[in-house]
file data-v1.cif (mmCIF, C-alpha atoms and all ligand atoms)
data_model
loop_
_atom_site.group_PDB
_atom_site.id
_atom_site.type_symbol
_atom_site.label_atom_id
_atom_site.label_comp_id
_atom_site.auth_asym_id
_atom_site.auth_seq_id
_atom_site.Cartn_x
_atom_site.Cartn_y
_atom_site.Cartn_z
ATOM 1 C CA MET A 16 0.000 0.000 0.000
ATOM 2 C CA LEU A 17 1.341 3.359 -1.042
ATOM 3 C CA ILE A 18 0.883 6.428 1.171
ATOM 4 C CA LEU A 19 1.639 9.845 -0.346
ATOM 5 C CA THR A 20 1.440 13.200 1.395
ATOM 6 C CA CYS A 21 -0.694 15.622 -0.610
ATOM 7 C CA PRO A 22 1.243 18.906 -0.717
ATOM 8 C CA TYR A 23 -2.017 20.884 -0.783
ATOM 9 C CA CYS A 24 -3.851 19.186 2.110
ATOM 10 C CA GLY A 25 -0.775 18.170 4.056
ATOM 11 C CA LEU A 26 -2.492 14.806 4.531
ATOM 12 C CA ALA A 27 -0.830 11.419 4.356
ATOM 13 C CA ALA A 28 -3.246 10.027 1.802
ATOM 14 C CA ASP A 29 -3.792 6.346 1.328
ATOM 15 C CA GLU A 30 -3.494 4.989 -2.207
ATOM 16 C CA THR A 31 -7.244 4.364 -2.308
ATOM 17 C CA GLU A 32 -7.761 8.126 -1.982
ATOM 18 C CA LEU A 33 -5.519 8.844 -4.984
ATOM 19 C CA SER A 34 -5.594 8.230 -8.690
ATOM 20 C CA PRO A 35 -2.417 7.710 -10.711
ATOM 21 C CA GLY A 36 -1.499 9.939 -13.636
ATOM 22 C CA GLY A 37 1.576 8.228 -15.056
ATOM 23 C CA GLU A 38 5.061 9.630 -15.531
ATOM 24 C CA ALA A 39 5.779 13.203 -14.435
ATOM 25 C CA HIS A 40 7.722 15.976 -16.178
ATOM 26 C CA LEU A 41 6.813 14.970 -19.735
ATOM 27 C CA LYS A 42 7.516 17.610 -22.325
ATOM 28 C CA ARG A 43 4.566 18.092 -24.629
ATOM 29 C CA PHE A 44 5.108 17.989 -28.373
ATOM 30 C CA GLY A 45 2.175 19.318 -30.356
ATOM 31 C CA PRO A 46 1.525 20.897 -33.749
ATOM 32 C CA GLY A 47 4.728 21.505 -35.702
ATOM 33 C CA SER A 48 6.683 18.732 -33.993
ATOM 34 C CA SER A 49 8.203 15.802 -35.856
ATOM 35 C CA ASP A 50 6.527 12.392 -35.942
ATOM 36 C CA ASP A 51 9.264 10.980 -33.736
ATOM 37 C CA GLU A 52 8.820 13.689 -31.112
ATOM 38 C CA PHE A 53 5.055 13.279 -31.101
ATOM 39 C CA THR A 54 5.332 9.481 -30.879
ATOM 40 C CA GLY A 55 7.704 9.839 -27.955
ATOM 41 C CA TYR A 56 5.400 12.277 -26.184
ATOM 42 C CA LEU A 57 2.367 10.040 -26.694
ATOM 43 C CA PHE A 58 3.780 6.589 -26.095
ATOM 44 C CA HIS A 59 7.321 6.390 -24.771
ATOM 45 C CA ARG A 60 7.523 6.224 -20.995
ATOM 46 C CA GLY A 61 10.325 5.572 -18.584
ATOM 47 C CA ASN A 62 9.931 2.411 -16.537
ATOM 48 C CA PRO A 63 12.954 2.514 -14.222
ATOM 49 C CA ARG A 64 13.684 -0.125 -11.657
ATOM 50 C CA SER A 65 14.439 2.453 -8.956
ATOM 51 C CA VAL A 66 13.802 6.177 -8.613
ATOM 52 C CA HIS A 67 10.747 7.348 -10.534
ATOM 53 C CA PHE A 68 8.750 10.570 -10.815
ATOM 54 C CA GLU A 69 4.993 10.322 -11.126
ATOM 55 C CA ARG A 70 1.816 12.372 -11.310
ATOM 56 C CA TRP A 71 -0.883 11.635 -8.772
ATOM 57 C CA ARG A 72 -4.244 13.235 -8.121
ATOM 58 C CA HIS A 73 -5.822 13.547 -4.690
ATOM 59 C CA ALA A 74 -9.050 12.410 -6.336
ATOM 60 C CA ASN A 75 -11.032 11.585 -3.212
ATOM 61 C CA GLY A 76 -9.661 14.583 -1.369
ATOM 62 C CA CYS A 77 -8.882 18.121 -2.488
ATOM 63 C CA GLY A 78 -8.911 17.059 -6.161
ATOM 64 C CA LYS A 79 -5.490 18.563 -6.917
ATOM 65 C CA TRP A 80 -2.743 17.064 -9.049
ATOM 66 C CA PHE A 81 0.674 16.731 -7.441
ATOM 67 C CA LEU A 82 3.968 15.004 -8.204
ATOM 68 C CA ALA A 83 5.775 12.299 -6.279
ATOM 69 C CA ALA A 84 9.251 10.781 -6.314
ATOM 70 C CA ARG A 85 9.415 7.179 -5.180
ATOM 71 C CA CYS A 86 11.334 3.947 -5.623
ATOM 72 C CA THR A 87 9.547 1.453 -7.854
ATOM 73 C CA VAL A 88 11.314 -1.464 -6.173
ATOM 74 C CA THR A 89 10.756 -0.712 -2.485
ATOM 75 C CA LEU A 90 7.853 1.782 -2.719
ATOM 76 C CA GLU A 91 9.941 4.122 -0.568
ATOM 77 C CA VAL A 92 8.667 7.672 -1.073
ATOM 78 C CA PHE A 93 11.329 10.393 -1.322
ATOM 79 C CA GLY A 94 8.875 13.241 -1.378
ATOM 80 C CA THR A 95 5.878 14.921 -2.985
ATOM 81 C CA TYR A 96 5.633 18.398 -4.472
ATOM 82 C CA PRO A 97 3.164 20.674 -6.281
ATOM 83 C CA ALA A 98 2.441 20.008 -9.953
ATOM 84 C CA GLN A 99 3.401 23.538 -11.035
ATOM 85 C CA THR A 100 6.993 22.614 -11.742
ATOM 86 C CA THR A 101 8.805 21.308 -14.817
ATOM 87 C CA GLU A 102 11.743 19.784 -12.944
ATOM 88 C CA PRO A 103 12.018 18.007 -9.573
ATOM 89 C CA PRO A 104 12.875 20.616 -6.880
ATOM 90 C CA ALA A 105 16.331 20.600 -5.300
ATOM 91 C CA ALA A 106 15.013 19.388 -1.941
ATOM 92 C CA ILE A 107 13.533 16.299 -3.598
ATOM 93 C CA LEU A 108 16.751 15.566 -5.489
ATOM 94 C CA ASP A 109 18.731 15.938 -2.253
ATOM 95 C CA ALA A 110 16.396 13.511 -0.476
ATOM 96 C CA ILE A 111 16.831 10.981 -3.287
ATOM 97 C CA ARG A 112 20.638 11.293 -3.384
ATOM 98 C CA ALA A 113 20.829 10.914 0.394
ATOM 99 C CA LYS A 114 19.123 7.547 0.135
ATOM 100 C CA ARG A 115 20.265 6.380 -3.317
ATOM 101 C CA PRO A 116 23.860 7.653 -3.694
ATOM 102 C CA ASP A 117 24.241 5.573 -6.872
ATOM 103 C CA TRP A 118 21.286 7.157 -8.613
ATOM 104 C CA GLU A 119 22.375 8.569 -11.941
ATOM 105 C CA GLY A 120 19.612 11.129 -12.326
ATOM 106 C CA ARG A 121 16.601 11.207 -14.573
ATOM 107 C CA ALA A 122 17.039 9.382 -17.873
ATOM 108 C CA MET B 2 -18.371 0.801 24.334
ATOM 109 C CA SER B 3 -21.451 -0.875 22.914
ATOM 110 C CA ASP B 4 -23.137 -4.179 23.618
ATOM 111 C CA ALA B 5 -24.303 -6.793 21.140
ATOM 112 C CA MET B 6 -27.797 -5.324 20.924
ATOM 113 C CA THR B 7 -27.115 -1.639 20.295
ATOM 114 C CA ALA B 8 -25.979 -0.053 17.041
ATOM 115 C CA LEU B 9 -22.592 1.691 17.215
ATOM 116 C CA ALA B 10 -24.340 4.796 15.905
ATOM 117 C CA THR B 11 -27.564 5.875 14.280
ATOM 118 C CA VAL B 12 -27.521 7.056 10.675
ATOM 119 C CA THR B 13 -30.030 9.719 9.651
ATOM 120 C CA LEU B 14 -30.501 11.368 6.272
ATOM 121 C CA LEU B 15 -31.003 15.053 7.072
ATOM 122 C CA PRO B 16 -33.514 17.335 5.331
ATOM 123 C CA PRO B 17 -32.227 19.310 2.314
ATOM 124 C CA GLN B 18 -29.290 21.516 3.263
ATOM 125 C CA GLY B 19 -28.313 24.662 1.390
ATOM 126 C CA MET B 20 -24.812 24.411 -0.082
ATOM 127 C CA VAL B 21 -22.965 26.807 -2.340
ATOM 128 C CA THR B 22 -19.723 25.780 -3.975
ATOM 129 C CA LEU B 23 -17.281 28.662 -4.056
ATOM 130 C CA ARG B 24 -14.060 28.706 -6.026
ATOM 131 C CA ALA B 25 -11.708 31.665 -5.841
ATOM 132 C CA ASP B 26 -8.162 32.605 -4.838
ATOM 133 C CA LEU B 27 -8.475 32.101 -1.077
ATOM 134 C CA GLY B 28 -5.046 33.607 -0.544
ATOM 135 C CA ASP B 29 -6.234 36.983 -1.817
ATOM 136 C CA ALA B 30 -7.089 39.398 1.009
ATOM 137 C CA ALA B 31 -9.882 41.106 -0.957
ATOM 138 C CA VAL B 32 -11.449 37.737 -1.796
ATOM 139 C CA ARG B 33 -11.304 36.651 1.837
ATOM 140 C CA ALA B 34 -12.864 39.903 3.007
ATOM 141 C CA ALA B 35 -15.662 39.607 0.448
ATOM 142 C CA ILE B 36 -16.410 36.012 1.477
ATOM 143 C CA GLU B 37 -16.403 36.880 5.174
ATOM 144 C CA ALA B 38 -18.694 39.857 4.604
ATOM 145 C CA ALA B 39 -21.145 37.863 2.478
ATOM 146 C CA THR B 40 -21.314 34.809 4.750
ATOM 147 C CA GLY B 41 -20.531 36.147 8.210
ATOM 148 C CA HIS B 42 -17.961 33.382 8.736
ATOM 149 C CA ALA B 43 -14.180 33.386 8.784
ATOM 150 C CA VAL B 44 -12.472 31.651 5.862
ATOM 151 C CA PRO B 45 -11.429 28.302 7.341
ATOM 152 C CA ASP B 46 -7.845 27.073 7.514
ATOM 153 C CA THR B 47 -6.728 24.066 5.503
ATOM 154 C CA ARG B 48 -8.923 21.011 6.249
ATOM 155 C CA SER B 49 -11.175 22.780 8.711
ATOM 156 C CA ILE B 50 -14.673 24.166 9.089
ATOM 157 C CA THR B 51 -15.860 27.440 10.593
ATOM 158 C CA GLY B 52 -19.426 27.836 11.840
ATOM 159 C CA THR B 53 -21.564 24.704 11.477
ATOM 160 C CA GLY B 54 -22.859 22.385 8.798
ATOM 161 C CA GLU B 55 -26.044 24.456 8.765
ATOM 162 C CA ALA B 56 -24.391 27.858 8.461
ATOM 163 C CA GLY B 57 -20.663 27.932 7.937
ATOM 164 C CA LEU B 58 -17.704 27.461 5.643
ATOM 165 C CA GLY B 59 -15.902 24.206 4.920
ATOM 166 C CA TRP B 60 -12.426 23.962 3.346
ATOM 167 C CA MET B 61 -12.572 21.782 0.221
ATOM 168 C CA SER B 62 -9.263 22.574 -1.510
ATOM 169 C CA PRO B 63 -6.769 25.466 -1.665
ATOM 170 C CA ASP B 64 -9.164 27.351 -3.962
ATOM 171 C CA GLU B 65 -12.546 25.943 -2.978
ATOM 172 C CA LEU B 66 -14.959 26.359 -0.079
ATOM 173 C CA MET B 67 -18.336 24.827 0.628
ATOM 174 C CA VAL B 68 -20.737 27.425 1.978
ATOM 175 C CA PHE B 69 -23.445 25.998 4.228
ATOM 176 C CA THR B 70 -26.703 27.904 4.565
ATOM 177 C CA GLY B 71 -30.465 27.306 4.646
ATOM 178 C CA ARG B 72 -31.824 25.429 1.617
ATOM 179 C CA GLU B 73 -34.121 28.329 0.690
ATOM 180 C CA ALA B 74 -31.337 30.896 1.179
ATOM 181 C CA ALA B 75 -28.793 29.134 -1.032
ATOM 182 C CA PRO B 76 -29.669 30.633 -4.459
ATOM 183 C CA ALA B 77 -29.657 34.168 -3.055
ATOM 184 C CA LEU B 78 -26.382 33.581 -1.209
ATOM 185 C CA ALA B 79 -24.772 32.285 -4.415
ATOM 186 C CA GLY B 80 -25.952 35.499 -6.068
ATOM 187 C CA SER B 81 -24.616 37.790 -3.351
ATOM 188 C CA LEU B 82 -21.263 35.963 -3.316
ATOM 189 C CA ALA B 83 -21.004 36.398 -7.088
ATOM 190 C CA GLU B 84 -21.798 40.092 -6.639
ATOM 191 C CA ALA B 85 -19.257 40.501 -3.842
ATOM 192 C CA LEU B 86 -16.582 38.816 -5.974
ATOM 193 C CA ALA B 87 -17.410 40.646 -9.210
ATOM 194 C CA GLY B 88 -14.203 41.425 -11.059
ATOM 195 C CA GLN B 89 -12.368 38.585 -9.324
ATOM 196 C CA HIS B 90 -11.903 35.199 -10.993
ATOM 197 C CA HIS B 91 -14.417 33.010 -9.165
ATOM 198 C CA LEU B 92 -17.330 30.578 -9.255
ATOM 199 C CA ALA B 93 -20.295 30.645 -6.874
ATOM 200 C CA LEU B 94 -22.889 27.972 -7.561
ATOM 201 C CA ASP B 95 -25.858 26.588 -5.650
ATOM 202 C CA VAL B 96 -25.195 22.831 -5.498
ATOM 203 C CA SER B 97 -27.724 22.003 -2.762
ATOM 204 C CA ASP B 98 -29.678 19.544 -4.901
ATOM 205 C CA ALA B 99 -26.533 17.601 -5.789
ATOM 206 C CA ARG B 100 -25.660 16.755 -2.188
ATOM 207 C CA ALA B 101 -27.042 14.648 0.642
ATOM 208 C CA VAL B 102 -26.128 15.095 4.309
ATOM 209 C CA PHE B 103 -26.162 12.417 7.005
ATOM 210 C CA LEU B 104 -25.978 12.686 10.747
ATOM 211 C CA VAL B 105 -24.095 9.798 12.333
ATOM 212 C CA GLU B 106 -24.647 9.828 16.056
ATOM 213 C CA GLY B 107 -23.564 7.538 18.865
ATOM 214 C CA PRO B 108 -20.565 6.465 20.938
ATOM 215 C CA GLY B 109 -19.176 4.461 18.002
ATOM 216 C CA VAL B 110 -18.994 7.180 15.319
ATOM 217 C CA ARG B 111 -15.191 7.023 15.115
ATOM 218 C CA GLU B 112 -15.335 3.293 14.573
ATOM 219 C CA VAL B 113 -18.084 3.470 11.931
ATOM 220 C CA ILE B 114 -16.008 5.891 9.843
ATOM 221 C CA ALA B 115 -12.765 4.000 10.437
ATOM 222 C CA LYS B 116 -14.359 0.880 8.950
ATOM 223 C CA LEU B 117 -15.176 2.675 5.710
ATOM 224 C CA CYS B 118 -12.585 5.408 5.156
ATOM 225 C CA PRO B 119 -8.755 5.399 4.915
ATOM 226 C CA VAL B 120 -8.599 7.947 7.729
ATOM 227 C CA ASP B 121 -6.918 7.741 11.126
ATOM 228 C CA MET B 122 -9.946 8.287 13.359
ATOM 229 C CA ALA B 123 -8.042 7.971 16.647
ATOM 230 C CA PRO B 124 -8.737 10.789 19.112
ATOM 231 C CA GLY B 125 -5.822 13.189 18.695
ATOM 232 C CA ALA B 126 -5.457 12.323 15.001
ATOM 233 C CA PHE B 127 -8.892 13.623 14.027
ATOM 234 C CA GLY B 128 -11.407 15.650 15.977
ATOM 235 C CA PRO B 129 -14.043 18.376 16.001
ATOM 236 C CA GLY B 130 -13.185 21.438 13.891
ATOM 237 C CA GLU B 131 -11.445 19.391 11.218
ATOM 238 C CA LEU B 132 -13.096 18.589 7.900
ATOM 239 C CA ARG B 133 -11.975 15.566 5.927
ATOM 240 C CA ARG B 134 -12.669 14.833 2.284
ATOM 241 C CA THR B 135 -12.038 11.205 1.545
ATOM 242 C CA ARG B 136 -13.390 7.993 0.172
ATOM 243 C CA LEU B 137 -16.301 6.225 1.912
ATOM 244 C CA ALA B 138 -16.119 2.606 0.723
ATOM 245 C CA GLN B 139 -16.471 3.241 -3.029
ATOM 246 C CA ILE B 140 -17.707 6.845 -3.124
ATOM 247 C CA ALA B 141 -16.355 10.331 -2.406
ATOM 248 C CA ALA B 142 -17.492 11.925 0.855
ATOM 249 C CA ALA B 143 -16.643 14.680 3.298
ATOM 250 C CA PHE B 144 -17.261 14.650 7.030
ATOM 251 C CA TRP B 145 -16.550 16.479 10.240
ATOM 252 C CA MET B 146 -17.244 15.831 13.898
ATOM 253 C CA GLU B 147 -19.584 18.144 15.759
ATOM 254 C CA SER B 148 -18.677 16.429 19.011
ATOM 255 C CA GLU B 149 -17.142 13.158 20.139
ATOM 256 C CA THR B 150 -20.401 11.385 19.375
ATOM 257 C CA ARG B 151 -21.887 13.398 16.492
ATOM 258 C CA LEU B 152 -20.580 13.455 12.951
ATOM 259 C CA ARG B 153 -21.973 15.024 9.796
ATOM 260 C CA LEU B 154 -21.211 13.490 6.415
ATOM 261 C CA VAL B 155 -21.833 14.904 2.934
ATOM 262 C CA CYS B 156 -21.911 12.925 -0.309
ATOM 263 C CA PHE B 157 -23.438 13.209 -3.751
ATOM 264 C CA ARG B 158 -27.212 12.731 -3.679
ATOM 265 C CA SER B 159 -26.971 10.228 -6.524
ATOM 266 C CA VAL B 160 -25.136 7.830 -4.185
ATOM 267 C CA ALA B 161 -26.976 8.731 -0.959
ATOM 268 C CA ARG B 162 -28.690 5.347 -0.727
ATOM 269 C CA TYR B 163 -25.323 3.598 -1.027
ATOM 270 C CA ALA B 164 -23.838 5.842 1.681
ATOM 271 C CA GLU B 165 -26.769 5.170 3.991
ATOM 272 C CA ASP B 166 -26.464 1.420 3.447
ATOM 273 C CA VAL B 167 -22.716 1.176 4.086
ATOM 274 C CA LEU B 168 -22.900 3.478 7.108
ATOM 275 C CA THR B 169 -25.806 1.553 8.608
ATOM 276 C CA ASN B 170 -24.045 -1.743 7.947
ATOM 277 C CA ALA B 171 -20.817 -0.507 9.562
ATOM 278 C CA ALA B 172 -22.850 0.542 12.619
ATOM 279 C CA ARG B 173 -24.658 -2.797 13.011
ATOM 280 C CA PRO B 174 -25.087 -4.036 16.580
ATOM 281 C CA GLY B 175 -22.387 -6.431 17.712
ATOM 282 C CA THR B 176 -19.779 -5.204 15.230
ATOM 283 C CA ALA B 177 -17.701 -3.026 17.540
ATOM 284 C CA VAL B 178 -13.979 -3.512 16.973
ATOM 285 C CA GLY B 179 -13.010 -1.626 20.116
ATOM 286 C CA LEU B 180 -10.168 0.333 18.571
ATOM 287 C CA PHE B 181 -10.867 3.680 20.168
HETATM 288 ZN ZN ZN A 201 -5.061 16.984 -1.214
#

call {"tool": "encode", "arguments": {"input": "data-v1.cif", "output": "structure tokens", "more": "lines below"}}
Ligand SMILES: [Zn+2]
result
Amino acid sequence: MLILTCPYCGLAADETELSPGGEAHLKRFGPGSSDDEFTGYLFHRGNPRSVHFERWRHANGCGKWFLAARCTVTLEVFGTYPAQTTEPPAAILDAIRAKRPDWEGRA
Amino acid sequence: MSDAMTALATVTLLPPQGMVTLRADLGDAAVRAAIEAATGHAVPDTRSITGTGEAGLGWMSPDELMVFTGREAAPALAGSLAEALAGQHHLALDVSDARAVFLVEGPGVREVIAKLCPVDMAPGAFGPGELRRTRLAQIAAAFWMESETRLRLVCFRSVARYAEDVLTNAARPGTAVGLF
């Protein structure tokens, strides 16, 4: 069972209160982009066996989208942060590096 | 806490309650002043309720409040909120008919909710003054405690029968877990 703290409510929300939104920090490619870029944006997703960044929505709570960094192997959560960001904040990266010194950064 | 013959709590569907959904920038001082002037209640802090479930303000999200008022007064209050917030980005809408409100009353209210919601209902973890939006079995709901033995719960009217059934079932006599 996954428990994520909603950065808007400050609540430790149980997984059953949340809905998943897939990989975080995707760059959108729209009109004018190449077929390869658009294909990548639509279909290609990271599936790392370690640190991962995801979108979650506090669906049965405040309704807000937020982002989470967690380990896909152990379910350890490194932190959650508001969705209005294009890159993981420094504090989240520090928390990850403290616990996963070998982590090579986002692919 | 309760014997084998008594329900943990009684579950009562309350008469229609006036509710106005209000969305606006709650961090804006002018917005807060307009809301407080129009409703007579202080803008609640995160996850809390000011006033009561009959006349008050409940925190729904960082930019959303639920305004409780009389059922007959709700359309006019939505209008006066819209007037007070004219020029500000906002939404004020009478949603009374979309909601149902239940009163759950008895010594086992904490246990009834704990059976159905992923919420720590231990005294100290949750108590009067706090409003919680969550999941009640398979539906969305919001609730708050009016006292240690009285709790008010709001859900969509379309699933009110389901809410009543699961609450009543969780409160069945002889089903006390004895957690709290
Ligand atoms: Zn939330």

call {"tool": "residues_around", "arguments": {"input": "data-v1.cif", "residues": "Ala142 in chain B", "least_positions_apart": "6", "cutoff": "10 Å", "atoms": "only C-alpha atoms", "output": "number ranges by chain"}}
result
A: 75-76; B: 100-102, 118, 133-136, 154-157, 164

call {"tool": "resolve_selection", "arguments": {"input": "data-v1.cif", "expression": "the PyMOL selection byres ((chain A and not hetatm) within 8 of (chain B))", "output": "PDB file with C-alpha atoms, in the coordinates of the input"}}
result
ATOM      1  CA  TYR A  23      -2.017  20.884  -0.783  1.00  0.00           C
ATOM      2  CA  CYS A  24      -3.851  19.186   2.110  1.00  0.00           C
ATOM      3  CA  ALA A  28      -3.246  10.027   1.802  1.00  0.00           C
ATOM      4  CA  ASP A  29      -3.792   6.346   1.328  1.00  0.00           C
ATOM      5  CA  THR A  31      -7.244   4.364  -2.308  1.00  0.00           C
ATOM      6  CA  GLU A  32      -7.761   8.126  -1.982  1.00  0.00           C
ATOM      7  CA  ASN A  75     -11.032  11.585  -3.212  1.00  0.00           C
ATOM      8  CA  GLY A  76      -9.661  14.583  -1.369  1.00  0.00           C
ATOM      9  CA  CYS A  77      -8.882  18.121  -2.488  1.00  0.00           C
ATOM     10  CA  GLY A  78      -8.911  17.059  -6.161  1.00  0.00           C
ATOM     11  CA  LYS A  79      -5.490  18.563  -6.917  1.00  0.00           C
TER      12      LYS A  79
END

call {"tool": "resolve_selection", "arguments": {"input": "data-v1.cif", "expression": "the PyMOL selection byres (((chain A and resi 33) around 6) and not hetatm)", "output": "list in words"}}
result
Glu30, Thr31, Glu32, Ser34, Arg72, His73 and Ala74 of chain A

call {"tool": "atom_distance", "arguments": {"input": "data-v1.cif", "atom1": "CA of Thr169 in chain B", "atom2": "CA of Glu149 in chain B"}}
result
18.5 Å

call {"tool": "residues_around", "arguments": {"input": "data-v1.cif", "residues": "Gly55 in chain A", "least_positions_apart": "5", "cutoff": "12 Å", "atoms": "only C-alpha atoms", "output": "JSON, numbers by chain"}}
result
{"A": [41, 42, 43, 44, 45, 48, 49, 50, 60, 61]}

call {"tool": "closest_residue", "arguments": {"input": "data-v1.cif", "among": "A:His59, A:Phe53, A:Thr89, A:Gly36", "to": "Met16 in chain A", "atoms": "only C-alpha atoms"}}
result
A:Thr89

call {"tool": "resolve_selection", "arguments": {"input": "data-v1.cif", "expression": "the PyMOL selection byres (((chain B and resi 14) around 8) and not hetatm)", "output": "NGL selection string"}}
result
:B and (12-13 or 15-16 or 101-104 or 165)

call {"tool": "write_last_selection", "arguments": {"input": "data-v1.cif", "atoms": "C-alpha atoms", "output": "short mmCIF file (atom, residue, chain, number, x, y, z; two decimals), keeping the file's coordinate frame"}}
result
data_model
loop_
_atom_site.label_atom_id
_atom_site.label_comp_id
_atom_site.auth_asym_id
_atom_site.auth_seq_id
_atom_site.Cartn_x
_atom_site.Cartn_y
_atom_site.Cartn_z
CA VAL B 12 -27.52 7.06 10.68
CA THR B 13 -30.03 9.72 9.65
CA LEU B 15 -31.00 15.05 7.07
CA PRO B 16 -33.51 17.34 5.33
CA ALA B 101 -27.04 14.65 0.64
CA VAL B 102 -26.13 15.10 4.31
CA PHE B 103 -26.16 12.42 7.00
CA LEU B 104 -25.98 12.69 10.75
CA GLU B 165 -26.77 5.17 3.99
#

call {"tool": "residues_near_point", "arguments": {"input": "data-v1.cif", "point": "(-9.9, -0.5, 10.9)", "cutoff": "8 Å", "atoms": "only C-alpha atoms", "output": "PDB file with C-alpha atoms, in the coordinates of the input"}}
result
ATOM      1  CA  GLU B 112     -15.335   3.293  14.573  1.00  0.00           C
ATOM      2  CA  ALA B 115     -12.765   4.000  10.437  1.00  0.00           C
ATOM      3  CA  LYS B 116     -14.359   0.880   8.950  1.00  0.00           C
ATOM      4  CA  VAL B 178     -13.979  -3.512  16.973  1.00  0.00           C
ATOM      5  CA  LEU B 180     -10.168   0.333  18.571  1.00  0.00           C
TER       6      LEU B 180
END

call {"tool": "atom_distance", "arguments": {"input": "data-v1.cif", "atom1": "CA of Val21 in chain B", "atom2": "CA of Met67 in chain B"}}
result
5.8 Å

call {"tool": "residues_around", "arguments": {"input": "data-v1.cif", "residues": "Asp109 in chain A", "least_positions_apart": "4", "cutoff": "12 Å", "atoms": "all atoms listed in the file", "output": "ChimeraX atom specification"}}
result
/A:84,93-94,103-105,113-116,118,120

call {"tool": "closest_residue", "arguments": {"input": "data-v1.cif", "among": "A:Arg64, A:Glu91, A:Trp80, A:Arg121", "to": "ligand ZN 201 (chain A)", "atoms": "only C-alpha atoms and all ligand atoms"}}
result
A:Trp80

call {"tool": "atom_distance", "arguments": {"input": "data-v1.cif", "atom1": "CA of Cys86 in chain A", "atom2": "CA of Glu119 in chain A"}}
result
13.5 Å

call {"tool": "residues_around", "arguments": {"input": "data-v1.cif", "residues": "Ala39 in chain B", "least_positions_apart": "5", "cutoff": "9 Å", "atoms": "only C-alpha atoms", "output": "PyMOL selection string"}}
result
chain B and resi 34+78+81-82+85

call {"tool": "residues_around", "arguments": {"input": "data-v1.cif", "residues": "Gly57 in chain B", "least_positions_apart": "6", "cutoff": "9 Å", "atoms": "only C-alpha atoms", "output": "count of residues only"}}
result
10

call {"tool": "decode", "arguments": {"input": "data-v1.cif", "residues": "range 70-84 of chain B", "atoms": "C-alpha atoms", "output": "CSV table (one decimal), in the first residue's frame"}}
result
chain,number,residue,atom,x,y,z
B,70,THR,CA,-26.7,27.9,4.6
B,71,GLY,CA,-30.5,27.3,4.6
B,72,ARG,CA,-31.8,25.4,1.6
B,73,GLU,CA,-34.1,28.3,0.7
B,74,ALA,CA,-31.3,30.9,1.2
B,75,ALA,CA,-28.8,29.1,-1.0
B,76,PRO,CA,-29.7,30.6,-4.5
B,77,ALA,CA,-29.7,34.2,-3.1
B,78,LEU,CA,-26.4,33.6,-1.2
B,79,ALA,CA,-24.8,32.3,-4.4
B,80,GLY,CA,-26.0,35.5,-6.1
B,81,SER,CA,-24.6,37.8,-3.4
B,82,LEU,CA,-21.3,36.0,-3.3
B,83,ALA,CA,-21.0,36.4,-7.1
B,84,GLU,CA,-21.8,40.1,-6.6
